[in-house]
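Here is the structure we will look at, set down as structure tokens.
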Amino acid sequence: MQNWPPKTLFLLLSFGLGIASLYLLIFLGLAVRLETARRFHSQGLDLFFVLKKNNVTKVAPAQMRPLSVDALEYLKHDPEYVYEVAPEARQSQTLQTESGDLKVQVFGVLEGYRRLHGLGIQHGRFISQYDSARSVCVLGNRLYSRLRKSVQDTLVGSGLRIGHQNCKIVGVLAPTQSFSGEYSIDEAVLVPYSSLAQFLPEVGITKAAVRANPHRPIGEVIDYIQSALRLYLGDASLYEVSNQQVMLKTLLDRIKIAAVVLGIMGSVAFVAGCLVLLRMMTIAKVRRGNQMEILSCVGMTAKQLQGLFACEGGIMAFAGASVGIIIGLLASMIIARMSDWVLFVSYASLFFCLVISLGVGFAVGWFAPAKSPWLAPSK
């Protein structure tokens, strides 16, 4: 690279930054949509969440009823809006293993939790209504892989000590990408909601999933859930109702600034690269006049000569686009790693970026002005 002309390096860098910015813009939009759907366990818009806020309500605690299973069951009094609910209590506990203590997330759930979130079973069974007073648990798939001693070991029927409580493993979840907040269900332990009180004396619902009528508008469902909670609890200011579409809008609003910065940076870099490429093609047409005259004498027409420069421009643009795609993919890997997202490569975006670069390169090489007589139109 030390022997490369500065203009060539500037061209590659400009095209690279422009294409990298374009790819990151597309990647961020797609990644936010996919991650929102993944964390809501559903590609649809009929799954809502009742989340507890951290701020303090203005109503005195004595005037409030805490969010409970009965309060959530009350949401189903009108099946025109709500089909099913699944409460969840989550706490961090110490899992005692032969290799040492392991910090895990323990979810207190009911039988309908699996059905609502579409969780599969790899071994054994899921928690049932008859387990409400029993110390049983279900393991997430990645946690199961870490605990089993051999390939044939399913762990079903064996004991597990969580904190100060012994539990019997009754099932293992199939691999899933589902999340509960920022915690993967694959790495968690699920226990009956009522038996979680055996671990913690003050257990409370941290989140509840609500399966709503998909034919009802999102705004109407949110208003219904909020009004029903106010009627049952007296005050629902401590809880917010969210949905995949609502969360998506919030996240997209947060990345608008990044989109503006990437758009400005990419546009400036791409325009600078086009101007440098135009300048290089113009100078090349002027300085290579003798070579073009020879090619013209052996039968090449003016359009064929222009096509030659168009190919050169396309090759330069393709090289810059390749640099940009590499930069974009590396930046995507870093963003996905820092945000705990599943990394994916959008091949449609890659193709789109390459087509734009090749189109610009061919156009600049073809239409670059020249003062040489060999480019005069043939009669």
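Ordering of the structure tokens sets the chain letters (A, B, ...); residue numbers start at 1 within each chain; ligands are numbered from 1 in the order shown.
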DSSP strand (DSSP E or B) residues within stretch 191-356 of chain A, as a ChimeraX atom specification: /A:191-192,207-212,239-243
Residue contacts of stretch 157-170 of chain A (8 Å, only C-alpha atoms) excluding same-chain residues fewer than 5 positions away, as JSON, numbers by chain: {"A": [93, 94, 95, 96, 97, 124, 125, 126, 127, 135, 136, 137, 138, 139, 198, 199]}
Quick one: write out the picked residues with C-alpha atoms as a PDB file, in the first residue's frame?
```pdb
ATOM      1  CA  GLN A  93     -30.211 -17.238  42.832  1.00  0.00           C
ATOM      2  CA  THR A  94     -27.159 -19.404  43.450  1.00  0.00           C
ATOM      3  CA  LEU A  95     -27.175 -22.819  41.829  1.00  0.00           C
ATOM      4  CA  GLN A  96     -24.986 -25.284  43.719  1.00  0.00           C
ATOM      5  CA  THR A  97     -23.139 -27.706  41.422  1.00  0.00           C
ATOM      6  CA  GLY A 124     -39.310 -34.632  30.299  1.00  0.00           C
ATOM      7  CA  ARG A 125     -42.255 -32.282  30.718  1.00  0.00           C
ATOM      8  CA  PHE A 126     -43.119 -28.723  31.615  1.00  0.00           C
ATOM      9  CA  ILE A 127     -44.541 -27.387  34.879  1.00  0.00           C
ATOM     10  CA  SER A 135     -40.376 -28.278  44.464  1.00  0.00           C
ATOM     11  CA  VAL A 136     -39.808 -29.023  40.789  1.00  0.00           C
ATOM     12  CA  CYS A 137     -37.953 -27.145  38.089  1.00  0.00           C
ATOM     13  CA  VAL A 138     -37.329 -27.026  34.330  1.00  0.00           C
ATOM     14  CA  LEU A 139     -33.888 -26.196  32.927  1.00  0.00           C
ATOM     15  CA  GLN A 198     -40.079 -20.971  49.239  1.00  0.00           C
ATOM     16  CA  PHE A 199     -36.963 -19.247  47.906  1.00  0.00           C
TER      17      PHE A 199
END
```
Best match for closeness to A:Val106 among A:Asn243, A:Gln91, A:Asn213, A:Ser237, counting only C-alpha atoms: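 For A:Val106, the nearest of the given residues is A:Gln91.
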Pick from A:Gly18, A:Pro192, A:Gly263, A:Gly365, whichever lies nearest to A:Tyr113 using only C-alpha atoms: A:Pro192
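For A:Ala321, the non-local neighbours within 7 Å, defined as residues at least 3 positions apart in the same chain or in other chains and counting only C-alpha atoms, are Phe15, Gly16, Ile19, Ala317, Phe318, Gly324, Ile325, Leu354 and Ser357 of chain A.
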For C-alpha atoms, I'd like the residues from the last selection saved as a PDB file, in the first residue's frame.
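The new file out24.pdb reads:
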```pdb
ATOM      1  CA  PHE A  15     -16.161   4.559  -0.988  1.00  0.00           C
ATOM      2  CA  GLY A  16     -15.523   2.302   1.982  1.00  0.00           C
ATOM      3  CA  ILE A  19     -20.834   1.858   1.729  1.00  0.00           C
ATOM      4  CA  ALA A 317     -15.744   1.263  -7.125  1.00  0.00           C
ATOM      5  CA  PHE A 318     -16.018  -2.481  -6.433  1.00  0.00           C
ATOM      6  CA  GLY A 324     -16.850  -0.741   3.028  1.00  0.00           C
ATOM      7  CA  ILE A 325     -18.605  -4.087   3.361  1.00  0.00           C
ATOM      8  CA  LEU A 354     -22.475  -3.601  -4.496  1.00  0.00           C
ATOM      9  CA  SER A 357     -21.105   1.057  -6.167  1.00  0.00           C
TER      10      SER A 357
END
```
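Atom CA of A:Gln244 is found 22.6 Å from atom CA of A:Ala71.
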